[in-house]
file my_file-v1.txt (compact mmCIF, C-alpha atoms)
# COMPACT_ATOMS: atom_id res chain seq x y z
CA MET W 1 15.79 -33.48 15.94
CA ILE W 2 18.33 -31.29 14.16
CA GLN W 3 16.84 -28.00 12.98
CA PRO W 4 17.49 -27.52 9.24
CA LEU W 5 19.41 -24.39 8.28
CA THR W 6 17.07 -21.56 7.37
CA PHE W 7 17.88 -18.02 6.19
CA LEU W 8 15.29 -15.25 6.21
CA ALA W 9 15.61 -11.68 4.92
CA VAL W 10 13.19 -8.83 5.56
CA HIS W 11 13.12 -6.53 2.53
CA ALA W 12 11.09 -3.40 1.89
CA HIS W 13 10.18 -3.60 -1.81
CA PRO W 14 10.20 -5.99 -4.75
CA ASP W 15 13.78 -5.83 -6.19
CA ASP W 16 15.51 -5.18 -2.84
CA GLU W 17 16.01 -8.91 -2.38
CA ALA W 18 18.12 -9.06 -5.53
CA SER W 19 20.24 -5.97 -5.03
CA SER W 20 21.63 -6.58 -1.56
CA SER W 21 21.21 -10.32 -1.04
CA GLY W 22 20.61 -11.90 -4.44
CA GLY W 23 23.95 -13.65 -4.51
CA LEU W 24 23.55 -14.93 -0.96
CA TYR W 25 20.08 -16.29 -1.71
CA ARG W 26 21.30 -18.22 -4.76
CA LEU W 27 24.41 -19.44 -2.96
CA LEU W 28 22.40 -20.78 -0.03
CA ALA W 29 19.82 -22.38 -2.31
CA ASP W 30 22.62 -24.24 -4.07
CA GLN W 31 23.75 -25.45 -0.63
CA ASP W 32 20.23 -26.81 0.08
CA VAL W 33 19.60 -24.21 2.78
CA ARG W 34 15.96 -23.21 3.19
CA THR W 35 15.57 -19.55 2.21
CA VAL W 36 12.66 -17.27 3.07
CA LEU W 37 11.93 -13.78 1.74
CA VAL W 38 9.60 -11.36 3.52
CA THR W 39 8.69 -8.44 1.24
CA CYS W 40 6.98 -5.71 3.22
CA THR W 41 5.38 -3.55 0.50
CA ASN W 42 3.89 -4.00 -2.93
CA GLY W 43 6.04 -1.26 -4.49
CA GLU W 44 3.25 1.09 -5.61
CA CYS W 45 5.61 4.08 -5.65
CA GLY W 46 7.91 2.58 -8.24
CA ASP W 47 8.21 3.70 -11.84
CA ALA W 48 5.29 2.91 -14.12
CA PRO W 49 5.98 0.78 -17.23
CA ASP W 50 6.30 3.98 -19.29
CA GLY W 51 8.86 5.35 -16.85
CA SER W 52 6.54 7.85 -15.20
CA LYS W 53 7.13 8.73 -11.55
CA PRO W 54 4.56 8.62 -8.74
CA ASP W 55 3.88 12.36 -9.02
CA ALA W 56 2.67 12.02 -12.62
CA ASP W 57 -1.09 12.42 -13.04
CA HIS W 58 -1.44 9.15 -14.94
CA HIS W 59 0.75 7.09 -12.56
CA ASP W 60 -1.37 4.20 -11.24
CA GLY W 61 0.25 2.67 -8.17
CA ASP W 62 -1.96 -0.40 -8.20
CA GLU W 63 -0.98 -1.19 -11.78
CA VAL W 64 2.67 -0.67 -10.90
CA ALA W 65 2.27 -3.12 -8.02
CA LYS W 66 0.82 -5.74 -10.38
CA VAL W 67 3.83 -5.46 -12.68
CA ARG W 68 6.23 -5.63 -9.76
CA ALA W 69 4.47 -8.69 -8.31
CA VAL W 70 5.19 -10.64 -11.51
CA GLU W 71 8.78 -9.39 -11.56
CA LEU W 72 9.26 -10.48 -7.95
CA ASP W 73 7.87 -13.94 -8.66
CA ASN W 74 10.34 -14.30 -11.52
CA ALA W 75 13.28 -13.13 -9.40
CA VAL W 76 12.31 -15.54 -6.61
CA LYS W 77 12.46 -18.43 -9.08
CA ILE W 78 15.88 -17.34 -10.37
CA LEU W 79 17.28 -17.09 -6.85
CA GLY W 80 15.79 -20.40 -5.74
CA ILE W 81 14.00 -18.85 -2.78
CA SER W 82 12.02 -21.48 -0.90
CA ARG W 83 9.22 -19.27 0.42
CA LEU W 84 8.03 -15.76 -0.40
CA VAL W 85 5.84 -13.93 2.11
CA ARG W 86 4.22 -10.65 1.08
CA LEU W 87 3.14 -8.55 4.05
CA GLY W 88 1.08 -6.51 1.58
CA TYR W 89 1.58 -2.96 2.87
CA ARG W 90 1.44 -0.05 0.47
CA ASP W 91 4.69 1.56 -0.58
CA SER W 92 5.32 4.68 1.52
CA GLY W 93 7.46 6.51 -1.02
CA MET W 94 10.45 8.65 -0.10
CA LYS W 95 10.63 10.77 3.02
CA GLY W 96 8.14 13.66 2.90
CA TRP W 97 6.01 12.22 0.11
CA PRO W 98 2.23 12.31 0.63
CA GLN W 99 2.17 8.51 0.45
CA ASN W 100 3.84 8.52 3.89
CA GLU W 101 0.47 9.50 5.35
CA ASP W 102 -1.57 6.76 3.70
CA PRO W 103 -2.95 4.69 6.61
CA GLU W 104 -2.36 1.54 4.55
CA SER W 105 1.29 2.41 3.94
CA PHE W 106 4.06 0.51 5.65
CA TRP W 107 5.42 3.69 7.26
CA ALA W 108 2.06 4.58 8.80
CA THR W 109 1.52 1.09 10.20
CA PRO W 110 2.29 0.82 13.92
CA VAL W 111 5.56 -1.04 14.41
CA GLU W 112 4.00 -3.45 16.88
CA VAL W 113 1.32 -4.47 14.37
CA ALA W 114 3.74 -5.32 11.57
CA ALA W 115 6.23 -6.83 14.03
CA ALA W 116 3.59 -9.26 15.31
CA LYS W 117 3.00 -10.50 11.75
CA LEU W 118 6.71 -10.93 11.20
CA ALA W 119 7.15 -12.71 14.54
CA GLU W 120 4.57 -15.29 13.46
CA ILE W 121 6.64 -16.04 10.38
CA LEU W 122 9.84 -16.24 12.43
CA MET W 123 8.24 -18.73 14.81
CA GLU W 124 7.01 -20.81 11.87
CA GLU W 125 10.38 -20.88 10.13
CA ARG W 126 12.79 -20.46 13.06
CA PRO W 127 15.61 -19.13 10.89
CA GLN W 128 19.04 -19.21 12.47
CA VAL W 129 20.13 -16.21 10.39
CA ILE W 130 18.08 -13.09 9.60
CA MET W 131 19.05 -10.14 7.44
CA THR W 132 17.57 -6.66 7.03
CA TYR W 133 18.76 -3.01 6.92
CA ASN W 134 20.34 -0.78 9.56
CA GLU W 135 18.47 1.92 11.49
CA TYR W 136 18.91 4.35 8.59
CA GLY W 137 17.41 1.89 6.16
CA PHE W 138 20.81 1.92 4.39
CA TYR W 139 19.90 5.12 2.54
CA GLY W 140 17.05 6.74 4.46
CA HIS W 141 14.00 5.30 2.73
CA PRO W 142 11.06 5.18 5.18
CA ASP W 143 10.12 1.63 4.22
CA HIS W 144 13.68 0.42 4.77
CA ILE W 145 13.78 2.13 8.16
CA GLN W 146 10.45 0.51 9.04
CA ALA W 147 11.80 -2.89 7.99
CA ASN W 148 14.60 -2.42 10.49
CA ARG W 149 12.18 -1.40 13.23
CA ILE W 150 9.76 -4.28 12.80
CA THR W 151 12.58 -6.80 12.59
CA LEU W 152 14.12 -5.63 15.86
CA ALA W 153 10.67 -5.57 17.48
CA ALA W 154 9.83 -9.05 16.19
CA LEU W 155 13.03 -10.44 17.71
CA GLU W 156 11.69 -9.37 21.10
CA LEU W 157 8.57 -11.49 20.54
CA ILE W 158 10.16 -14.84 19.73
CA ASP W 159 11.56 -17.49 22.06
CA TYR W 160 15.09 -17.82 20.70
CA GLU W 161 17.98 -15.60 19.55
CA PRO W 162 18.98 -15.81 15.88
CA THR W 163 22.00 -14.13 14.34
CA LEU W 164 20.95 -10.82 12.78
CA TYR W 165 22.89 -9.13 10.00
CA PHE W 166 22.42 -5.76 8.29
CA ASN W 167 23.40 -5.38 4.63
CA ALA W 168 26.39 -3.10 4.10
CA ILE W 169 28.88 -1.72 1.60
CA PRO W 170 32.43 -1.14 2.90
CA ASP W 171 33.78 2.40 2.65
CA SER W 172 36.64 1.18 0.46
CA VAL W 173 34.20 -0.26 -2.07
CA PHE W 174 32.03 2.85 -2.08
CA ALA W 175 35.11 4.93 -2.86
CA LEU W 176 35.70 2.87 -6.00
CA TRP W 177 32.06 3.09 -7.01
CA ARG W 178 32.06 6.87 -6.61
CA VAL W 179 34.99 7.12 -9.03
CA ARG W 180 33.01 5.08 -11.54
CA TRP W 181 29.84 7.17 -11.07
CA GLU W 182 31.77 10.42 -11.47
CA GLN W 183 33.33 9.12 -14.69
CA GLU W 184 29.94 8.07 -16.04
CA ASP W 185 28.54 11.51 -15.15
CA ARG W 186 31.37 13.24 -17.02
CA GLU W 187 30.86 11.02 -20.06
CA ARG W 188 27.12 11.72 -20.02
CA LYS W 189 27.70 15.47 -19.88
CA GLU W 190 30.24 15.30 -22.70
CA ALA W 191 27.81 13.31 -24.84
CA ASP W 192 25.06 15.83 -24.11
CA ALA W 193 27.34 18.74 -24.95
CA ALA W 194 28.23 17.15 -28.28
CA LYS W 195 24.52 17.10 -29.09
CA GLY W 196 24.02 20.68 -27.93
CA ILE W 197 22.06 19.57 -24.87
CA VAL W 198 22.49 21.62 -21.71
CA ARG W 199 20.94 20.21 -18.56
CA GLU W 200 20.31 22.13 -15.38
CA PRO W 201 22.61 20.93 -12.59
CA GLU W 202 20.91 18.95 -9.88
CA VAL W 203 20.39 20.95 -6.70
CA ARG W 204 20.24 19.05 -3.45
CA ASP W 205 17.24 19.75 -1.25
CA PRO W 206 18.69 21.53 1.83
CA ASP W 207 16.05 19.83 4.00
CA GLU W 208 17.03 16.36 2.78
CA GLU W 209 18.93 14.38 5.36
CA GLU W 210 22.23 13.01 4.14
CA PHE W 211 23.33 9.48 4.96
CA ASP W 212 26.76 7.95 4.71
CA MET W 213 25.86 4.71 3.01
CA GLY W 214 29.30 3.24 3.47
CA THR W 215 30.37 1.17 6.47
CA PRO W 216 33.90 1.26 7.93
CA ASP W 217 35.70 -1.77 6.61
CA ASP W 218 36.57 -3.01 10.09
CA GLN W 219 32.87 -3.22 11.00
CA ILE W 220 32.05 -5.77 8.29
CA GLY W 221 31.09 -9.02 10.01
CA ALA W 222 30.51 -11.24 6.97
CA LEU W 223 32.10 -11.09 3.54
CA ILE W 224 30.41 -13.55 1.21
CA ASP W 225 32.01 -14.62 -2.06
CA ILE W 226 29.20 -14.82 -4.63
CA GLY W 227 31.50 -15.15 -7.63
CA GLY W 228 30.06 -18.53 -8.55
CA VAL W 229 26.44 -17.34 -8.57
CA ASN W 230 26.53 -13.67 -9.53
CA GLY W 231 25.21 -14.46 -12.98
CA ALA W 232 21.96 -15.47 -11.28
CA LYS W 233 22.07 -12.26 -9.24
CA PHE W 234 22.30 -10.24 -12.46
CA ASP W 235 19.40 -12.20 -13.93
CA ALA W 236 17.31 -11.55 -10.81
CA LEU W 237 18.05 -7.83 -11.01
CA GLU W 238 17.19 -7.86 -14.70
CA ALA W 239 13.86 -9.52 -13.84
CA HIS W 240 12.91 -6.23 -12.13
CA ALA W 241 13.18 -4.41 -15.46
CA SER W 242 10.46 -1.86 -14.70
CA GLN W 243 12.56 -0.40 -11.88
CA ILE W 244 16.24 -0.90 -12.62
CA SER W 245 16.70 -1.12 -16.38
CA GLU W 246 18.66 2.15 -16.19
CA SER W 247 20.64 1.24 -13.07
CA PHE W 248 24.42 1.15 -13.10
CA TRP W 249 24.23 -2.64 -12.68
CA MET W 250 22.34 -3.06 -15.94
CA LYS W 251 24.57 -0.57 -17.73
CA MET W 252 27.54 -2.77 -16.85
CA GLY W 253 26.15 -5.66 -18.81
CA LYS W 254 26.20 -9.21 -17.51
CA GLU W 255 29.80 -9.98 -18.42
CA GLU W 256 31.29 -7.02 -16.54
CA PHE W 257 28.84 -7.49 -13.65
CA MET W 258 30.00 -11.08 -13.21
CA ARG W 259 33.62 -10.00 -13.35
CA THR W 260 33.34 -7.18 -10.80
CA MET W 261 30.31 -7.72 -8.52
CA ARG W 262 31.62 -10.77 -6.70
CA THR W 263 30.95 -9.99 -3.04
CA GLU W 264 28.13 -9.20 -0.63
CA TRP W 265 28.84 -7.70 2.78
CA PHE W 266 26.98 -7.67 6.09
CA VAL W 267 27.34 -6.23 9.58
CA ARG W 268 26.72 -8.68 12.41
CA VAL W 269 24.23 -7.25 14.93
CA THR W 270 23.42 -10.13 17.28
CA ASN W 271 26.01 -12.78 18.04
CA PRO W 272 24.64 -15.78 19.94
CA ASN W 273 27.55 -17.96 18.78
CA ASP W 274 30.25 -15.52 19.97
CA LEU W 275 31.80 -15.19 16.54
CA GLU W 276 34.90 -13.07 16.12
CA GLY W 277 36.08 -11.00 13.18
CA CYS W 278 34.77 -11.21 9.64
CA VAL W 279 33.40 -14.59 8.57
CA ASP W 280 33.04 -15.93 5.03
CA ASP W 281 29.99 -18.09 5.78
CA ILE W 282 26.70 -16.46 6.81
CA PHE W 283 25.98 -19.65 8.80
CA ALA W 284 29.28 -19.56 10.68
CA GLY W 285 28.67 -21.07 14.10
CA TYR W 286 25.78 -23.20 12.83
CA ARG W 287 27.63 -25.70 10.65

call {"tool": "encode", "arguments": {"input": "my_file-v1.txt", "output": "structure tokens"}}
result
Amino acid sequence: MIQPLTFLAVHAHPDDEASSSGGLYRLLADQDVRTVLVTCTNGECGDAPDGSKPDADHHDGDEVAKVRAVELDNAVKILGISRLVRLGYRDSGMKGWPQNEDPESFWATPVEVAAAKLAEILMEERPQVIMTYNEYGFYGHPDHIQANRITLAALELIDYEPTLYFNAIPDSVFALWRVRWEQEDRERKEADAAKGIVREPEVRDPDEEEFDMGTPDDQIGALIDIGGVNGAKFDALEAHASQISESFWMKMGKEEFMRTMRTEWFVRVTNPNDLEGCVDDIFAGYR
């Protein structure tokens, strides 16, 4: 019996599935590949509907999670994801936040406990290709780091070797994005100045660990053209309105997003098929 192609991604929060793999999910769905999403937390530390942050007195994490659950369901439909699994851990917040210490948080959960749950799903689905974040969680978020840890641990518990990819942004692309962000920052300051608004400059916390979110271009193992489906990726991002309505993606508007955000990139971590170089099919070696 030929095993059907199955893709599974392990993501930390509702909305992560759209930002780093939304195009890939929709592309694979259109190719009749079975797609599975494991979302590790409920997203309690996200913004409340009124925009308030988790440190606000009236911020209710459980209510935030309810909103984000509906948003995730909507995004899953847009991306054509075959199966959504919620591990149900509480959002741990950023590094150093008190939520890190919540015994029900993802960060406080022993790796072996969460990995065993994930391994059960892997054995049920037997995906040939798995995707998650690198050891830094791409940008240092505890829940992203934990997603990496439980995925690697789960791979030690199953009876076969899938191909594992980490999401990535090439250094060359980040350089272009930084130019755009700097321009937007200048325009925002000029607009504020015209209104007589003076904002205090942001001061970086000296204790905050810095991460280079870019990946050397020659380390990219898969470059996926999502130009034919990036409209759906934008729609999936937009479905998470409570969290990313002010993101640079949304500020682009759908037309510019579709014109410019045409690629998703991944680093190949395990390589059971002895692939070489950068592939353009995440299932290279399987079809």

call {"tool": "atom_distance", "arguments": {"input": "my_file-v1.txt", "atom1": "atom CA of W:His240", "atom2": "atom CA of W:Glu71"}}
result
5.2 Å

call {"tool": "residues_near_point", "arguments": {"input": "my_file-v1.txt", "point": "(14.3, -7.5, 17.4)", "cutoff": "12 Å", "atoms": "all atoms listed in the file", "output": "MDAnalysis selection string"}}
result
chainID W and resid 10 111:112 115:116 118:119 122 130:132 134:135 147:165 269:270

call {"tool": "closest_residue", "arguments": {"input": "my_file-v1.txt", "among": "W:Phe106, W:Trp177, W:Trp265, W:Tyr286", "to": "W:Tyr133", "atoms": "all atoms listed in the file"}}
result
W:Trp265

call {"tool": "closest_residue", "arguments": {"input": "my_file-v1.txt", "among": "W:Leu72, W:Lys195, W:Leu5, W:Phe166", "to": "W:Ala284", "atoms": "all atoms listed in the file"}}
result
W:Leu5

call {"tool": "atom_distance", "arguments": {"input": "my_file-v1.txt", "atom1": "atom CA of W:Glu44", "atom2": "atom CA of W:Val64"}}
result
5.6 Å

call {"tool": "atom_distance", "arguments": {"input": "my_file-v1.txt", "atom1": "atom CA of W:Gly96", "atom2": "atom CA of W:Ile244"}}
result
22.8 Å

call {"tool": "decode", "arguments": {"input": "my_file-v1.txt", "residues": "stretch 75-210 of chain W", "atoms": "C-alpha atoms", "output": "PDB file, in the first residue's frame"}}
result
ATOM      1  CA  ALA W  75      -7.681  30.460   8.707  1.00  0.00           C
ATOM      2  CA  VAL W  76      -7.634  26.648   8.607  1.00  0.00           C
ATOM      3  CA  LYS W  77     -10.605  26.682   6.232  1.00  0.00           C
ATOM      4  CA  ILE W  78      -8.950  29.270   3.976  1.00  0.00           C
ATOM      5  CA  LEU W  79      -5.733  27.255   3.790  1.00  0.00           C
ATOM      6  CA  GLY W  80      -7.526  23.966   3.199  1.00  0.00           C
ATOM      7  CA  ILE W  81      -5.843  22.272   6.144  1.00  0.00           C
ATOM      8  CA  SER W  82      -7.062  18.697   6.494  1.00  0.00           C
ATOM      9  CA  ARG W  83      -6.690  18.325  10.259  1.00  0.00           C
ATOM     10  CA  LEU W  84      -6.133  20.779  13.107  1.00  0.00           C
ATOM     11  CA  VAL W  85      -4.832  19.479  16.430  1.00  0.00           C
ATOM     12  CA  ARG W  86      -4.773  21.818  19.421  1.00  0.00           C
ATOM     13  CA  LEU W  87      -2.399  20.653  22.146  1.00  0.00           C
ATOM     14  CA  GLY W  88      -4.156  23.151  24.429  1.00  0.00           C
ATOM     15  CA  TYR W  89      -1.243  24.567  26.442  1.00  0.00           C
ATOM     16  CA  ARG W  90      -1.421  28.087  27.777  1.00  0.00           C
ATOM     17  CA  ASP W  91       0.556  30.784  26.008  1.00  0.00           C
ATOM     18  CA  SER W  92       3.853  31.373  27.838  1.00  0.00           C
ATOM     19  CA  GLY W  93       4.336  34.974  26.735  1.00  0.00           C
ATOM     20  CA  MET W  94       7.705  36.479  25.900  1.00  0.00           C
ATOM     21  CA  LYS W  95      10.910  35.579  27.700  1.00  0.00           C
ATOM     22  CA  GLY W  96      10.868  36.765  31.319  1.00  0.00           C
ATOM     23  CA  TRP W  97       7.110  37.299  31.509  1.00  0.00           C
ATOM     24  CA  PRO W  98       5.347  35.917  34.594  1.00  0.00           C
ATOM     25  CA  GLN W  99       3.285  33.660  32.331  1.00  0.00           C
ATOM     26  CA  ASN W 100       6.480  31.624  31.785  1.00  0.00           C
ATOM     27  CA  GLU W 101       6.003  30.224  35.285  1.00  0.00           C
ATOM     28  CA  ASP W 102       2.388  29.141  34.864  1.00  0.00           C
ATOM     29  CA  PRO W 103       2.463  25.338  35.315  1.00  0.00           C
ATOM     30  CA  GLU W 104      -0.132  25.041  32.532  1.00  0.00           C
ATOM     31  CA  SER W 105       1.987  27.060  30.103  1.00  0.00           C
ATOM     32  CA  PHE W 106       3.725  25.404  27.196  1.00  0.00           C
ATOM     33  CA  TRP W 107       7.141  26.604  28.387  1.00  0.00           C
ATOM     34  CA  ALA W 108       6.677  25.082  31.849  1.00  0.00           C
ATOM     35  CA  THR W 109       5.524  21.737  30.474  1.00  0.00           C
ATOM     36  CA  PRO W 110       8.252  19.070  30.516  1.00  0.00           C
ATOM     37  CA  VAL W 111       9.498  18.476  26.977  1.00  0.00           C
ATOM     38  CA  GLU W 112       9.005  14.729  27.272  1.00  0.00           C
ATOM     39  CA  VAL W 113       5.332  15.166  28.195  1.00  0.00           C
ATOM     40  CA  ALA W 114       4.460  17.364  25.216  1.00  0.00           C
ATOM     41  CA  ALA W 115       6.719  15.327  22.919  1.00  0.00           C
ATOM     42  CA  ALA W 116       4.824  12.136  23.781  1.00  0.00           C
ATOM     43  CA  LYS W 117       1.556  13.792  22.732  1.00  0.00           C
ATOM     44  CA  LEU W 118       3.089  14.970  19.487  1.00  0.00           C
ATOM     45  CA  ALA W 119       4.614  11.550  18.805  1.00  0.00           C
ATOM     46  CA  GLU W 120       1.151   9.993  19.020  1.00  0.00           C
ATOM     47  CA  ILE W 121      -0.050  12.355  16.312  1.00  0.00           C
ATOM     48  CA  LEU W 122       3.001  11.640  14.154  1.00  0.00           C
ATOM     49  CA  MET W 123       2.383   7.900  14.417  1.00  0.00           C
ATOM     50  CA  GLU W 124      -1.272   8.399  13.498  1.00  0.00           C
ATOM     51  CA  GLU W 125      -0.520  10.573  10.473  1.00  0.00           C
ATOM     52  CA  ARG W 126       2.967   9.379   9.488  1.00  0.00           C
ATOM     53  CA  PRO W 127       3.833  12.589   7.646  1.00  0.00           C
ATOM     54  CA  GLN W 128       6.770  12.347   5.288  1.00  0.00           C
ATOM     55  CA  VAL W 129       7.546  16.045   5.800  1.00  0.00           C
ATOM     56  CA  ILE W 130       7.435  17.987   9.076  1.00  0.00           C
ATOM     57  CA  MET W 131       8.063  21.677   9.629  1.00  0.00           C
ATOM     58  CA  THR W 132       8.702  23.737  12.769  1.00  0.00           C
ATOM     59  CA  TYR W 133      11.143  26.429  14.011  1.00  0.00           C
ATOM     60  CA  ASN W 134      14.883  26.337  14.683  1.00  0.00           C
ATOM     61  CA  GLU W 135      16.432  26.093  18.157  1.00  0.00           C
ATOM     62  CA  TYR W 136      16.018  29.847  18.652  1.00  0.00           C
ATOM     63  CA  GLY W 137      12.348  29.656  17.815  1.00  0.00           C
ATOM     64  CA  PHE W 138      13.143  31.922  14.835  1.00  0.00           C
ATOM     65  CA  TYR W 139      13.030  35.016  17.050  1.00  0.00           C
ATOM     66  CA  GLY W 140      13.475  33.819  20.631  1.00  0.00           C
ATOM     67  CA  HIS W 141       9.882  33.327  21.759  1.00  0.00           C
ATOM     68  CA  PRO W 142       9.745  30.633  24.485  1.00  0.00           C
ATOM     69  CA  ASP W 143       6.800  28.851  22.879  1.00  0.00           C
ATOM     70  CA  HIS W 144       8.579  28.701  19.525  1.00  0.00           C
ATOM     71  CA  ILE W 145      11.702  27.328  21.198  1.00  0.00           C
ATOM     72  CA  GLN W 146       9.568  24.737  22.984  1.00  0.00           C
ATOM     73  CA  ALA W 147       7.935  23.757  19.685  1.00  0.00           C
ATOM     74  CA  ASN W 148      11.398  23.020  18.334  1.00  0.00           C
ATOM     75  CA  ARG W 149      12.313  20.980  21.394  1.00  0.00           C
ATOM     76  CA  ILE W 150       9.211  18.815  21.454  1.00  0.00           C
ATOM     77  CA  THR W 151       9.411  18.188  17.722  1.00  0.00           C
ATOM     78  CA  LEU W 152      13.000  16.968  17.929  1.00  0.00           C
ATOM     79  CA  ALA W 153      12.128  14.855  20.976  1.00  0.00           C
ATOM     80  CA  ALA W 154       9.058  13.387  19.267  1.00  0.00           C
ATOM     81  CA  LEU W 155      11.165  12.313  16.294  1.00  0.00           C
ATOM     82  CA  GLU W 156      13.151  10.136  18.690  1.00  0.00           C
ATOM     83  CA  LEU W 157       9.943   8.340  19.711  1.00  0.00           C
ATOM     84  CA  ILE W 158       8.632   7.283  16.307  1.00  0.00           C
ATOM     85  CA  ASP W 159       9.613   4.327  14.141  1.00  0.00           C
ATOM     86  CA  TYR W 160      10.580   6.105  10.922  1.00  0.00           C
ATOM     87  CA  GLU W 161      12.587   9.149   9.772  1.00  0.00           C
ATOM     88  CA  PRO W 162      10.667  11.968   8.090  1.00  0.00           C
ATOM     89  CA  THR W 163      12.224  14.989   6.438  1.00  0.00           C
ATOM     90  CA  LEU W 164      12.280  17.898   8.894  1.00  0.00           C
ATOM     91  CA  TYR W 165      12.418  21.529   7.814  1.00  0.00           C
ATOM     92  CA  PHE W 166      12.737  24.745   9.827  1.00  0.00           C
ATOM     93  CA  ASN W 167      11.102  27.924   8.512  1.00  0.00           C
ATOM     94  CA  ALA W 168      13.607  30.571   7.454  1.00  0.00           C
ATOM     95  CA  ILE W 169      14.086  33.964   5.824  1.00  0.00           C
ATOM     96  CA  PRO W 170      17.249  34.375   3.712  1.00  0.00           C
ATOM     97  CA  ASP W 171      19.629  37.151   4.731  1.00  0.00           C
ATOM     98  CA  SER W 172      19.222  38.789   1.325  1.00  0.00           C
ATOM     99  CA  VAL W 173      15.462  39.050   1.808  1.00  0.00           C
ATOM    100  CA  PHE W 174      15.784  40.386   5.343  1.00  0.00           C
ATOM    101  CA  ALA W 175      18.079  43.114   4.039  1.00  0.00           C
ATOM    102  CA  LEU W 176      15.334  44.283   1.676  1.00  0.00           C
ATOM    103  CA  TRP W 177      12.714  44.131   4.411  1.00  0.00           C
ATOM    104  CA  ARG W 178      14.875  46.208   6.755  1.00  0.00           C
ATOM    105  CA  VAL W 179      15.094  48.944   4.127  1.00  0.00           C
ATOM    106  CA  ARG W 180      11.309  48.942   3.899  1.00  0.00           C
ATOM    107  CA  TRP W 181      10.857  49.009   7.698  1.00  0.00           C
ATOM    108  CA  GLU W 182      13.334  51.877   8.069  1.00  0.00           C
ATOM    109  CA  GLN W 183      11.475  53.851   5.396  1.00  0.00           C
ATOM    110  CA  GLU W 184       8.138  53.225   7.103  1.00  0.00           C
ATOM    111  CA  ASP W 185       9.652  54.327  10.426  1.00  0.00           C
ATOM    112  CA  ARG W 186      10.913  57.568   8.876  1.00  0.00           C
ATOM    113  CA  GLU W 187       7.531  58.256   7.292  1.00  0.00           C
ATOM    114  CA  ARG W 188       5.777  57.607  10.605  1.00  0.00           C
ATOM    115  CA  LYS W 189       8.090  60.010  12.434  1.00  0.00           C
ATOM    116  CA  GLU W 190       7.609  62.675   9.764  1.00  0.00           C
ATOM    117  CA  ALA W 191       3.832  62.309   9.993  1.00  0.00           C
ATOM    118  CA  ASP W 192       4.008  62.575  13.788  1.00  0.00           C
ATOM    119  CA  ALA W 193       6.224  65.645  13.580  1.00  0.00           C
ATOM    120  CA  ALA W 194       3.766  67.326  11.230  1.00  0.00           C
ATOM    121  CA  LYS W 195       1.098  66.836  13.901  1.00  0.00           C
ATOM    122  CA  GLY W 196       3.364  68.091  16.675  1.00  0.00           C
ATOM    123  CA  ILE W 197       3.685  64.615  18.178  1.00  0.00           C
ATOM    124  CA  VAL W 198       7.020  63.711  19.739  1.00  0.00           C
ATOM    125  CA  ARG W 199       7.485  60.101  20.772  1.00  0.00           C
ATOM    126  CA  GLU W 200      10.156  58.800  23.082  1.00  0.00           C
ATOM    127  CA  PRO W 201      12.679  56.673  21.187  1.00  0.00           C
ATOM    128  CA  GLU W 202      12.479  52.979  21.895  1.00  0.00           C
ATOM    129  CA  VAL W 203      15.255  51.769  24.172  1.00  0.00           C
ATOM    130  CA  ARG W 204      16.324  48.171  23.845  1.00  0.00           C
ATOM    131  CA  ASP W 205      16.403  46.154  27.048  1.00  0.00           C
ATOM    132  CA  PRO W 206      20.129  45.428  27.654  1.00  0.00           C
ATOM    133  CA  ASP W 207      19.186  42.048  29.140  1.00  0.00           C
ATOM    134  CA  GLU W 208      17.204  41.050  26.046  1.00  0.00           C
ATOM    135  CA  GLU W 209      18.968  38.466  23.945  1.00  0.00           C
ATOM    136  CA  GLU W 210      19.360  39.431  20.310  1.00  0.00           C
TER     137      GLU W 210
END
